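Printed here is work37.cif (mmCIF, C-alpha atoms):
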data_upload
#
loop_
_atom_site.label_atom_id
_atom_site.label_comp_id
_atom_site.auth_asym_id
_atom_site.auth_seq_id
_atom_site.Cartn_x
_atom_site.Cartn_y
_atom_site.Cartn_z
CA MET A 1 0.00 0.00 0.00
CA PRO A 2 1.49 3.35 -1.00
CA ALA A 3 1.36 6.37 1.28
CA SER A 4 -2.15 7.79 1.16
CA VAL A 5 -1.52 11.24 -0.24
CA THR A 6 -4.66 12.86 -1.55
CA ALA A 7 -5.13 15.88 -3.77
CA ALA A 8 -6.74 17.67 -0.82
CA ASP A 9 -3.49 17.20 1.17
CA PHE A 10 -1.89 19.58 -1.33
CA GLY A 11 -4.86 21.94 -1.31
CA LEU A 12 -5.72 20.72 -4.79
CA GLY A 13 -9.29 20.14 -5.84
CA SER A 14 -10.02 17.66 -8.59
CA CYS A 15 -12.89 18.74 -10.82
CA HIS A 16 -15.82 16.32 -10.49
CA VAL A 17 -16.60 16.75 -14.19
CA CYS A 18 -13.29 16.77 -16.05
CA GLY A 19 -10.79 15.69 -13.38
CA TYR A 20 -8.55 18.75 -13.78
CA LEU A 21 -6.51 19.53 -10.67
CA SER A 22 -6.60 23.16 -9.58
CA ARG A 23 -6.00 25.27 -6.50
CA ALA A 24 -8.21 27.80 -4.76
CA GLU A 25 -7.04 31.40 -5.03
CA ARG A 26 -7.96 32.00 -1.40
CA PRO A 27 -8.08 28.63 0.39
CA GLY A 28 -10.57 28.06 3.17
CA PRO A 29 -13.20 25.59 4.29
CA GLY A 30 -16.14 25.26 1.94
CA ILE A 31 -14.54 27.55 -0.68
CA ALA A 32 -15.52 26.90 -4.30
CA TRP A 33 -13.69 28.06 -7.40
CA PRO A 34 -14.33 27.61 -11.12
CA CYS A 35 -12.48 24.78 -12.86
CA PRO A 36 -9.97 26.39 -15.27
CA ARG A 37 -10.69 23.75 -17.89
CA CYS A 38 -14.47 23.21 -17.89
CA GLY A 39 -15.86 25.93 -15.64
CA ALA A 40 -17.57 23.62 -13.14
CA ASN A 41 -17.56 24.60 -9.46
CA VAL A 42 -14.60 22.87 -7.81
CA ARG A 43 -14.36 22.18 -4.08
CA LEU A 44 -12.10 19.92 -2.06
CA ARG A 45 -15.23 17.92 -1.19
CA ARG A 46 -18.77 18.22 -2.43
CA PHE A 47 -20.56 21.01 -0.51
CA LYS A 48 -22.75 19.75 2.36
CA SER A 49 -22.77 16.29 0.82
CA ILE A 50 -23.72 14.46 4.03
CA GLY A 51 -26.64 16.72 4.90
CA GLN A 52 -27.99 16.80 1.34
CA THR A 53 -27.70 13.04 0.87
CA GLY A 54 -29.43 12.49 4.23
CA ALA A 55 -32.26 14.92 3.40
CA LEU A 56 -32.88 13.41 -0.06
CA LEU A 57 -32.79 9.92 1.41
CA LEU A 58 -35.30 10.81 4.11
CA ALA A 59 -37.63 12.37 1.53
CA ALA A 60 -37.30 9.26 -0.67
CA ALA A 61 -38.15 6.97 2.25
CA ILE A 62 -41.22 9.10 3.11
CA CYS A 63 -42.44 8.97 -0.52
CA TYR A 64 -41.86 5.23 -0.78
CA LEU A 65 -44.66 4.41 1.67
CA PRO A 66 -47.58 6.06 -0.25
CA ALA A 67 -45.96 4.84 -3.48
CA ASN A 68 -46.64 1.27 -2.39
CA ILE A 69 -49.94 1.76 -0.57
CA MET A 70 -51.74 3.88 -3.15
CA PRO A 71 -52.76 2.46 -6.54
CA VAL A 72 -50.65 3.25 -9.61
CA LEU A 73 -53.12 2.11 -12.27
CA ILE A 74 -56.89 2.44 -12.26
CA THR A 75 -58.55 0.31 -14.92
CA THR A 76 -62.16 1.02 -15.92
CA THR A 77 -64.03 -1.53 -18.04
CA ALA A 78 -67.67 -2.31 -18.65
CA GLU A 79 -67.57 -4.61 -15.63
CA GLY A 80 -66.33 -1.94 -13.22
CA THR A 81 -63.24 -0.27 -11.87
CA GLU A 82 -60.10 -1.93 -10.57
CA ALA A 83 -57.15 -0.31 -8.82
CA ASP A 84 -53.67 -1.88 -8.82
CA THR A 85 -50.77 -1.07 -6.54
CA ILE A 86 -47.18 -1.78 -7.61
CA LEU A 87 -47.12 -5.13 -5.84
CA GLY A 88 -50.60 -5.85 -7.22
CA GLY A 89 -49.24 -5.25 -10.71
CA VAL A 90 -46.39 -7.69 -10.04
CA ALA A 91 -48.88 -10.31 -8.86
CA ARG A 92 -51.07 -9.76 -11.93
CA LEU A 93 -48.07 -10.12 -14.22
CA TYR A 94 -47.07 -13.33 -12.42
CA ALA A 95 -50.59 -14.72 -12.67
CA SER A 96 -50.67 -14.02 -16.41
CA GLY A 97 -47.75 -16.38 -16.82
CA SER A 98 -44.82 -14.02 -17.45
CA TRP A 99 -42.91 -14.78 -14.28
CA ILE A 100 -39.65 -13.47 -15.71
CA LEU A 101 -41.12 -10.03 -16.32
CA SER A 102 -42.85 -10.06 -12.94
CA LEU A 103 -39.48 -10.81 -11.35
CA VAL A 104 -37.89 -7.96 -13.33
CA VAL A 105 -40.58 -5.53 -12.15
CA LEU A 106 -40.27 -6.83 -8.57
CA ILE A 107 -36.51 -6.25 -8.64
CA ALA A 108 -36.78 -2.81 -10.27
CA SER A 109 -39.69 -1.47 -8.22
CA VAL A 110 -39.17 -3.06 -4.81
CA MET A 111 -35.68 -4.45 -4.35
CA ILE A 112 -33.69 -1.69 -6.09
CA PRO A 113 -35.34 1.28 -4.28
CA ILE A 114 -35.10 -0.42 -0.87
CA GLY A 115 -31.55 -1.60 -1.55
CA LYS A 116 -30.50 1.88 -2.71
CA MET A 117 -31.90 3.54 0.40
CA ALA A 118 -30.34 0.93 2.70
CA VAL A 119 -26.88 1.21 1.09
CA LEU A 120 -26.86 5.04 1.10
CA ALA A 121 -28.04 5.11 4.73
CA TYR A 122 -25.26 2.66 5.64
CA LEU A 123 -22.65 4.76 3.79
CA LEU A 124 -23.83 7.88 5.64
CA ILE A 125 -23.41 6.02 8.96
CA VAL A 126 -19.90 4.91 7.93
CA VAL A 127 -18.94 8.50 7.01
CA THR A 128 -20.41 10.18 10.08
CA GLN A 129 -19.78 7.51 12.74
CA GLY A 130 -16.56 6.12 11.33
CA ALA A 131 -17.83 2.55 11.74
CA PRO A 132 -15.00 0.02 11.27
CA THR A 133 -15.56 -1.45 7.87
CA ASP A 134 -13.86 -2.42 4.64
CA ARG A 135 -14.09 0.75 2.59
CA ARG A 136 -13.27 -0.95 -0.70
CA GLN A 137 -16.44 -2.94 -0.03
CA CYS A 138 -18.29 0.33 0.65
CA MET A 139 -17.07 1.72 -2.67
CA ARG A 140 -18.26 -1.40 -4.43
CA LEU A 141 -21.72 -0.95 -2.91
CA PHE A 142 -21.77 2.71 -3.91
CA ARG A 143 -20.81 1.93 -7.50
CA ILE A 144 -23.58 -0.68 -7.71
CA VAL A 145 -26.08 1.88 -6.41
CA GLU A 146 -24.89 4.44 -8.99
CA PHE A 147 -25.07 1.88 -11.78
CA ILE A 148 -28.46 0.27 -11.17
CA GLY A 149 -30.26 3.23 -9.59
CA ARG A 150 -31.98 4.32 -12.79
CA TRP A 151 -33.84 1.01 -13.14
CA SER A 152 -36.22 1.96 -10.34
CA MET A 153 -37.83 4.29 -12.91
CA LEU A 154 -39.14 1.20 -14.74
CA ASP A 155 -42.65 1.20 -13.28
CA VAL A 156 -43.13 4.89 -14.10
CA PHE A 157 -42.56 4.12 -17.79
CA VAL A 158 -44.78 1.03 -17.68
CA ASP A 159 -47.62 3.07 -16.17
CA ALA A 160 -47.18 5.90 -18.68
CA PHE A 161 -47.32 3.59 -21.72
CA ILE A 162 -50.32 1.67 -20.44
CA VAL A 163 -52.19 4.89 -19.65
CA ALA A 164 -51.36 6.31 -23.08
CA LEU A 165 -52.43 3.25 -25.02
CA VAL A 166 -55.44 1.89 -23.20
CA GLN A 167 -57.86 4.72 -23.95
CA LEU A 168 -60.87 3.19 -25.65
CA GLY A 169 -63.53 5.52 -24.28
CA PRO A 170 -66.25 3.85 -22.20
CA LEU A 171 -65.13 0.37 -23.31
CA MET A 172 -61.88 0.29 -21.46
CA SER A 173 -59.62 2.99 -20.10
CA VAL A 174 -56.69 3.20 -17.69
CA ALA A 175 -55.86 6.24 -15.57
CA PRO A 176 -52.73 6.84 -13.48
CA GLY A 177 -53.32 6.36 -9.74
CA PRO A 178 -52.18 8.68 -6.96
CA GLY A 179 -49.25 6.39 -6.19
CA VAL A 180 -47.40 7.17 -9.45
CA PRO A 181 -46.01 10.62 -8.52
CA PHE A 182 -44.82 9.26 -5.16
CA PHE A 183 -43.12 6.33 -6.83
CA ALA A 184 -41.51 8.62 -9.41
CA ALA A 185 -40.38 10.90 -6.57
CA THR A 186 -38.72 7.96 -4.78
CA ALA A 187 -36.79 7.08 -7.94
CA VAL A 188 -35.67 10.67 -8.59
CA LEU A 189 -34.80 11.38 -4.94
CA THR A 190 -32.70 8.22 -4.51
CA MET A 191 -30.89 8.93 -7.80
CA SER A 192 -30.21 12.51 -6.66
CA ALA A 193 -29.02 11.25 -3.26
CA ALA A 194 -26.46 9.02 -4.99
CA ILE A 195 -25.34 11.94 -7.19
CA VAL A 196 -24.77 14.36 -4.28
CA PHE A 197 -23.04 11.75 -2.08
CA ASP A 198 -19.28 12.35 -2.18
CA PRO A 199 -17.54 8.95 -1.84
CA ARG A 200 -14.23 10.69 -1.08
CA LEU A 201 -15.61 11.38 2.42
CA LEU A 202 -15.44 7.63 3.09
CA TRP A 203 -11.65 7.79 2.87
CA ASP A 204 -11.04 11.01 4.78
CA ARG A 205 -10.87 9.16 8.11
CA ASP A 206 -7.34 8.18 7.14
CA ARG A 207 -6.24 11.78 7.14
CA VAL A 208 -4.54 13.49 10.05
CA GLY A 209 -6.42 16.73 9.55
CA ARG A 210 -9.92 15.80 8.51
CA ILE A 211 -11.71 17.71 5.77
CA ASP A 212 -15.40 18.03 6.30
CA ASP A 213 -17.99 18.79 3.68
CA GLY A 214 -18.43 22.39 4.77
CA LEU A 215 -21.40 21.64 7.00
CA MET B 1 3.82 11.97 -16.65
CA LYS B 2 0.95 13.76 -15.03
CA ALA B 3 -0.77 13.87 -11.64
CA VAL B 4 -4.32 12.59 -11.43
CA ALA B 5 -6.57 12.40 -8.37
CA CYS B 6 -8.94 9.45 -8.05
CA PRO B 7 -12.48 10.78 -8.59
CA ASP B 8 -13.83 8.37 -5.95
CA CYS B 9 -11.30 8.66 -3.10
CA ASP B 10 -9.02 11.62 -4.01
CA LEU B 11 -5.78 9.59 -3.83
CA LEU B 12 -3.07 11.18 -5.99
CA HIS B 13 -1.44 9.11 -8.70
CA VAL B 14 1.28 9.89 -11.21
CA LEU B 15 0.40 8.39 -14.57
CA GLY B 16 2.88 7.51 -17.26
CA PRO B 17 1.93 7.49 -20.93
CA GLN B 18 -0.81 5.04 -21.86
CA SER B 19 -1.61 3.34 -25.09
CA GLY B 20 -5.13 3.33 -26.44
CA GLY B 21 -7.47 0.83 -24.85
CA GLU B 22 -5.64 0.83 -21.53
CA LYS B 23 -7.49 1.69 -18.36
CA ALA B 24 -5.85 3.06 -15.23
CA ARG B 25 -7.43 2.24 -11.89
CA CYS B 26 -6.94 3.72 -8.43
CA LEU B 27 -4.61 1.68 -6.18
CA ARG B 28 -6.70 2.29 -3.08
CA CYS B 29 -10.35 2.06 -4.13
CA GLY B 30 -10.30 0.73 -7.69
CA GLY B 31 -11.89 3.85 -9.20
CA VAL B 32 -11.26 4.48 -12.89
CA LEU B 33 -8.60 7.18 -13.36
CA THR B 34 -8.64 7.44 -17.14
CA GLY B 35 -11.03 6.27 -19.78
CA HIS B 36 -10.32 3.35 -22.00
CA GLY B 37 -12.06 4.03 -25.28
CA ALA B 38 -9.58 3.16 -28.02
CA HIS B 39 -11.67 4.09 -31.00
CA SER B 40 -11.04 7.00 -33.29
CA TYR B 41 -13.10 10.17 -33.19
CA GLU B 42 -14.54 9.14 -36.53
CA THR B 43 -16.03 6.00 -34.94
CA SER B 44 -17.54 8.01 -32.10
CA LEU B 45 -18.85 10.64 -34.51
CA ALA B 46 -20.40 7.97 -36.74
CA LEU B 47 -22.07 6.38 -33.71
CA ALA B 48 -23.35 9.78 -32.54
CA ILE B 49 -24.86 10.52 -35.96
CA ALA B 50 -26.45 7.06 -36.16
CA ALA B 51 -27.82 7.44 -32.62
CA THR B 52 -29.31 10.85 -33.46
CA ILE B 53 -31.13 9.47 -36.53
CA THR B 54 -32.38 6.49 -34.51
CA PHE B 55 -33.46 8.85 -31.72
CA ILE B 56 -35.64 10.81 -34.16
CA LEU B 57 -37.18 7.55 -35.42
CA ALA B 58 -37.77 6.23 -31.91
CA ASN B 59 -39.61 9.41 -31.01
CA THR B 60 -41.79 9.79 -34.06
CA ALA B 61 -42.75 6.19 -34.85
CA PRO B 62 -45.49 4.51 -32.79
CA LEU B 63 -44.22 2.31 -29.94
CA MET B 64 -47.25 0.05 -29.88
CA GLN B 65 -50.63 -0.33 -31.48
CA MET B 66 -53.62 -1.86 -29.84
CA SER B 67 -57.04 -2.84 -31.09
CA GLU B 68 -60.13 -4.03 -29.29
CA LEU B 69 -63.60 -4.46 -30.72
CA GLY B 70 -62.91 -2.40 -33.81
CA GLN B 71 -61.34 0.47 -31.89
CA GLU B 72 -57.67 1.20 -32.40
CA SER B 73 -55.10 3.24 -30.57
CA SER B 74 -51.37 3.76 -30.85
CA THR B 75 -48.86 5.83 -28.97
CA THR B 76 -45.45 7.43 -29.30
CA VAL B 77 -43.08 8.36 -26.47
CA ALA B 78 -44.25 11.98 -26.47
CA GLY B 79 -47.85 10.78 -26.73
CA SER B 80 -47.55 8.80 -23.52
CA ALA B 81 -46.10 11.79 -21.65
CA LEU B 82 -48.92 13.97 -23.02
CA GLU B 83 -51.59 11.45 -21.99
CA MET B 84 -50.10 11.29 -18.48
CA TRP B 85 -50.38 15.11 -18.34
CA LEU B 86 -53.99 15.09 -19.59
CA GLN B 87 -54.91 12.45 -17.03
CA GLY B 88 -53.83 14.79 -14.25
CA SER B 89 -50.43 13.31 -13.39
CA GLU B 90 -48.37 16.33 -14.49
CA PRO B 91 -45.16 15.71 -12.47
CA THR B 92 -44.96 12.16 -13.83
CA ALA B 93 -45.56 13.43 -17.37
CA ILE B 94 -42.67 15.89 -17.03
CA LEU B 95 -40.38 13.19 -15.62
CA VAL B 96 -41.23 10.74 -18.41
CA ALA B 97 -40.61 13.46 -21.01
CA ILE B 98 -37.25 14.39 -19.44
CA CYS B 99 -35.91 10.83 -19.09
CA SER B 100 -37.05 9.56 -22.49
CA ILE B 101 -36.96 12.61 -24.79
CA VAL B 102 -35.33 15.76 -23.39
CA ALA B 103 -32.27 14.24 -21.68
CA PRO B 104 -31.31 11.74 -24.45
CA GLY B 105 -31.96 14.40 -27.10
CA PHE B 106 -29.81 17.03 -25.42
CA TYR B 107 -27.13 14.45 -24.63
CA LEU B 108 -26.89 13.38 -28.28
CA ALA B 109 -26.96 16.98 -29.56
CA LEU B 110 -24.21 17.98 -27.12
CA MET B 111 -22.05 14.95 -27.95
CA LEU B 112 -22.44 15.63 -31.68
CA ALA B 113 -21.35 19.25 -31.20
CA VAL B 114 -18.45 18.17 -28.95
CA LEU B 115 -17.22 15.50 -31.35
CA ILE B 116 -17.31 17.89 -34.30
CA ALA B 117 -15.46 20.51 -32.23
CA PHE B 118 -12.85 17.96 -31.12
CA ARG B 119 -11.87 16.98 -34.63
CA LYS B 120 -9.17 19.63 -34.38
CA ASP B 121 -6.24 18.96 -32.08
CA ARG B 122 -6.93 22.06 -30.08
CA ALA B 123 -10.59 22.20 -29.12
CA PRO B 124 -12.35 25.55 -28.59
CA PRO B 125 -13.00 26.38 -24.90
CA TRP B 126 -16.78 26.19 -25.30
CA ALA B 127 -16.43 22.48 -26.07
CA GLY B 128 -15.55 22.02 -22.39
CA ARG B 129 -18.75 23.68 -21.32
CA LEU B 130 -20.79 21.44 -23.63
CA MET B 131 -19.05 18.32 -22.27
CA ARG B 132 -19.87 19.51 -18.75
CA TRP B 133 -23.55 19.86 -19.64
CA ALA B 134 -23.55 16.44 -21.31
CA ASP B 135 -22.01 14.97 -18.15
CA ALA B 136 -24.73 16.53 -15.97
CA ILE B 137 -27.57 15.36 -18.21
CA HIS B 138 -26.26 11.84 -18.84
CA PRO B 139 -27.64 10.12 -15.69
CA TRP B 140 -31.18 11.26 -16.59
CA ALA B 141 -31.15 9.85 -20.12
CA MET B 142 -32.47 6.31 -19.76
CA PRO B 143 -33.66 4.85 -23.07
CA GLU B 144 -32.82 1.33 -21.86
CA VAL B 145 -35.17 1.65 -18.87
CA MET B 146 -37.81 3.06 -21.20
CA LEU B 147 -37.36 0.11 -23.56
CA LEU B 148 -37.92 -2.42 -20.78
CA GLY B 149 -40.90 -0.31 -19.69
CA THR B 150 -42.46 -0.60 -23.13
CA LEU B 151 -41.90 -4.38 -23.11
CA VAL B 152 -43.58 -4.81 -19.71
CA ALA B 153 -46.42 -2.51 -20.80
CA TYR B 154 -46.77 -4.54 -24.00
CA VAL B 155 -47.15 -7.80 -22.06
CA LYS B 156 -49.64 -6.20 -19.67
CA ILE B 157 -51.71 -4.75 -22.50
CA SER B 158 -51.68 -8.07 -24.36
CA GLU B 159 -53.71 -9.37 -21.43
CA LEU B 160 -56.43 -6.81 -22.13
CA ALA B 161 -56.48 -6.55 -25.89
CA ASP B 162 -54.66 -7.22 -29.16
CA ALA B 163 -51.37 -5.39 -29.06
CA THR B 164 -48.59 -5.20 -31.63
CA PRO B 165 -45.17 -3.64 -31.11
CA GLY B 166 -44.54 -0.68 -33.42
CA SER B 167 -41.42 0.38 -35.27
CA GLY B 168 -40.70 2.87 -32.47
CA MET B 169 -39.99 -0.01 -30.11
CA TYR B 170 -37.39 -1.49 -32.45
CA ALA B 171 -35.86 1.95 -32.97
CA THR B 172 -35.63 2.39 -29.18
CA GLY B 173 -33.83 -0.95 -28.96
CA ALA B 174 -31.31 0.16 -31.58
CA LEU B 175 -30.95 3.53 -29.83
CA CYS B 176 -29.99 1.82 -26.54
CA LEU B 177 -27.23 -0.15 -28.30
CA LEU B 178 -25.94 2.92 -30.17
CA ILE B 179 -25.84 5.15 -27.06
CA ALA B 180 -24.04 2.42 -25.10
CA ALA B 181 -21.54 1.96 -27.96
CA LEU B 182 -21.03 5.72 -28.17
CA GLY B 183 -20.27 5.92 -24.45
CA ALA B 184 -17.83 3.00 -24.68
CA SER B 185 -16.04 4.36 -27.73
CA LEU B 186 -15.21 7.70 -26.09
CA ASN B 187 -11.99 8.31 -24.19
CA TYR B 188 -13.05 11.18 -21.96
CA ALA B 189 -9.58 11.82 -20.52
CA ALA B 190 -8.16 12.17 -24.05
CA LEU B 191 -11.01 14.47 -25.06
CA TRP B 192 -10.52 16.68 -22.01
CA ALA B 193 -6.77 16.80 -22.66
CA ARG B 194 -7.47 18.56 -25.95
CA ILE B 195 -8.84 21.57 -24.14
CA LYS B 196 -5.87 23.77 -23.35
CA VAL B 197 -6.03 25.71 -20.10
CA GLU B 198 -4.87 29.33 -20.08
CA GLN B 199 -2.42 29.69 -17.20
#

Entire entry expressed as structure tokens:
Amino acid sequence: MPASVTAADFGLGSCHVCGYLSRAERPGPGIAWPCPRCGANVRLRRFKSIGQTGALLLAAAICYLPANIMPVLITTTAEGTEADTILGGVARLYASGSWILSLVVLIASVMIPIGKMAVLAYLLIVVTQGAPTDRRQCMRLFRIVEFIGRWSMLDVFVDAFIVALVQLGPLMSVAPGPGVPFFAATAVLTMSAAIVFDPRLLWDRDRVGRIDDGL
Amino acid sequence: MKAVACPDCDLLHVLGPQSGGEKARCLRCGGVLTGHGAHSYETSLALAIAATITFILANTAPLMQMSELGQESSTTVAGSALEMWLQGSEPTAILVAICSIVAPGFYLALMLAVLIAFRKDRAPPWAGRLMRWADAIHPWAMPEVMLLGTLVAYVKISELADATPGSGMYATGALCLLIAALGASLNYAALWARIKVEQ
């Protein structure tokens, strides 16, 4: 293992967009300066990353409850009206014989959002409490969350296409239920939480003089 | 030789010269330090042009048609966002439009402009700004999620009525492959290195 010398040790900030290393004109905690190459705001660490990630995560968790309780699709046919929740839709898909697709929807709509929220919450605990843990493993978890996070949008697209297509007047029509915006919000909020989380904070415990995120 | 900080853990590395197709990883956390795309700009430009044409097709051709008791309906990507809006789910409509039309469209337009600008050895400074915007918009462009969404919707609708996949669905499939190939063909570190910084 080489000596752990980071860019921040030299007062250098690496641009989160283009990777260019640059120095603040007047150094100080929480100071931002424009990247000389691409113009993005550069800081030693992402500004208030912990607080923002925590707030977005909390909001996502709050939205996830109504997203699952309230219906996402309301089908009206000559026989009457039926309302389906996300899990109800998975069950219907399974009953219709496409168990592979029902598994895909179950993974994308239930397992990925819950897994994302659990991993980000765990990473926040590791950063703030300094829990003893293998940080390479933490990075692996974070990269998985970044990579698969977008798939939790799946059900939003499914609902939109069904609503758009099944519009046959009084014969049969499908309307979006009140759960859809909450489910969409969960997907967007967890994706945003992963974007604002600065994984470099996981490694700052090694440093003699800690850098915080400006909070 | 140049100094590079790991984007994921900030560890400083000194990189020697690399040949095309090589990827440098962080010693401490395994983060990718430099890109690995080995293809020429012409390949990337060709993929970007092909993706843009496919994107236009995917957005204008119907995704699915459905018929039931003599009544027919079909929808495009924009049509489904519009219907969501008309049905009173405005935030969802905006989100669907952003993730399936606005973000991929802007991403492709920006990458086309960037690749044309980067054909010279010394890229104009505005190319950096465009790359920055493309980087910010990239996570929200999700044609592959949309494609799976159309497939699930297709199966669900088949339960209710006669449904047939439209040419838009095939175009979306091709678009996913082309955007993925475009991303893999680019060497971002090499592109960024063409923007000279005024000291």

Item to complete: Compute the chain B side of the contact with chain A at 6 Å, counting all atoms listed in the file, and hand it back as a list in words.
Response: Ala5, Asp8, Cys9, Asp10, Leu11, Leu12, Cys29, Ser74, Thr75, Ser80, Glu83, Thr92, Gly128, Arg129, Val145, Met146, Gly149, Ala153 and Val197 of chain B

Item to complete: Please indicate the distance in Å from CA of Pro34 (chain A) to CA of Leu108 (chain B), rounded to one decimal place.
Response: 25.6 Å

Restrict the calculation to only C-alpha atoms, then for each residue of region 121-166 of chain B with any atom at most 8 Å from an atom of region 42-63 of chain B give the closest atom pair and their distance in Å to one decimal, rows by chain and rising residue number, as a Markdown table.
| residue | atom | partner | partner_atom | distance |
| --- | --- | --- | --- | --- |
| B:Thr150 | CA | B:Leu63 | CA | 7.6 |
| B:Pro165 | CA | B:Leu63 | CA | 6.1 |
| B:Gly166 | CA | B:Leu63 | CA | 4.6 |

Worksheet entry | Minimum-distance residue to Gly70 (chain B), chosen among B:Pro104, B:Arg194, B:Ala161, B:Ser185 (using only C-alpha atoms) | B:Ala161

Fill in: Which of B:Ser89, B:Asn187, B:Gln18, B:Thr172 sits closest to Phe118 (chain B) [using only C-alpha atoms]
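For Phe118 (chain B), the nearest of the candidates is B:Asn187.
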
Fill in: Interatomic distance (Å, one decimal) between CA of Ala93 (chain B) and CA of Ala78 (chain B)
9.3 Å

Worksheet item: With all atoms listed in the file as the basis for distance, which of A:Ile50, A:Ala194, A:Leu73, A:Leu87 is at the shortest distance from Val119 (chain A)?
Response: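 With all atoms listed in the file as the atom set, the closest residue is A:Ala194.
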
Where is the centre and how long are the edges: axis-aligned box on region 103-111 of chain B, 3 Å on each side, Å to one decimal, as JSON:
{"center_x": -27.2, "center_y": 14.9, "center_z": -25.6, "size_x": 16.2, "size_y": 12.2, "size_z": 13.9}

Item to complete: Pull out every residue that the PyMOL selection byres ((chain B and resi 103) around 10) matches in the shown coordinates and put them as a VMD selection string.
Response: chain B and resid 97 to 102 104 to 109 134 136 to 143

Worksheet item: Quick one: of B:Leu82, B:Met131, B:Leu147, B:Ile195, who's nearest to Leu175 (chain B), counting all atoms listed in the file?
Response: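 The answer is B:Leu147, which sits nearest to Leu175 (chain B).
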
Discussion item. Just to confirm, what's the straight-line distance from CA of Met111 (chain A) to CA of Leu160 (chain B) in Å (one decimal)?
Written reply: 27.4 Å

Worksheet item: Taking all atoms listed in the file into account, which of B:Leu191, B:Ala184, B:Met66, B:Lys156 comes nearest Ala123 (chain B)?
Response: B:Leu191

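Between Ala127 (chain B) and the residues B:Trp192, B:Glu72, B:Leu95, B:Met169, the shortest atom-to-atom distance, using all atoms listed in the file, involves B:Trp192.
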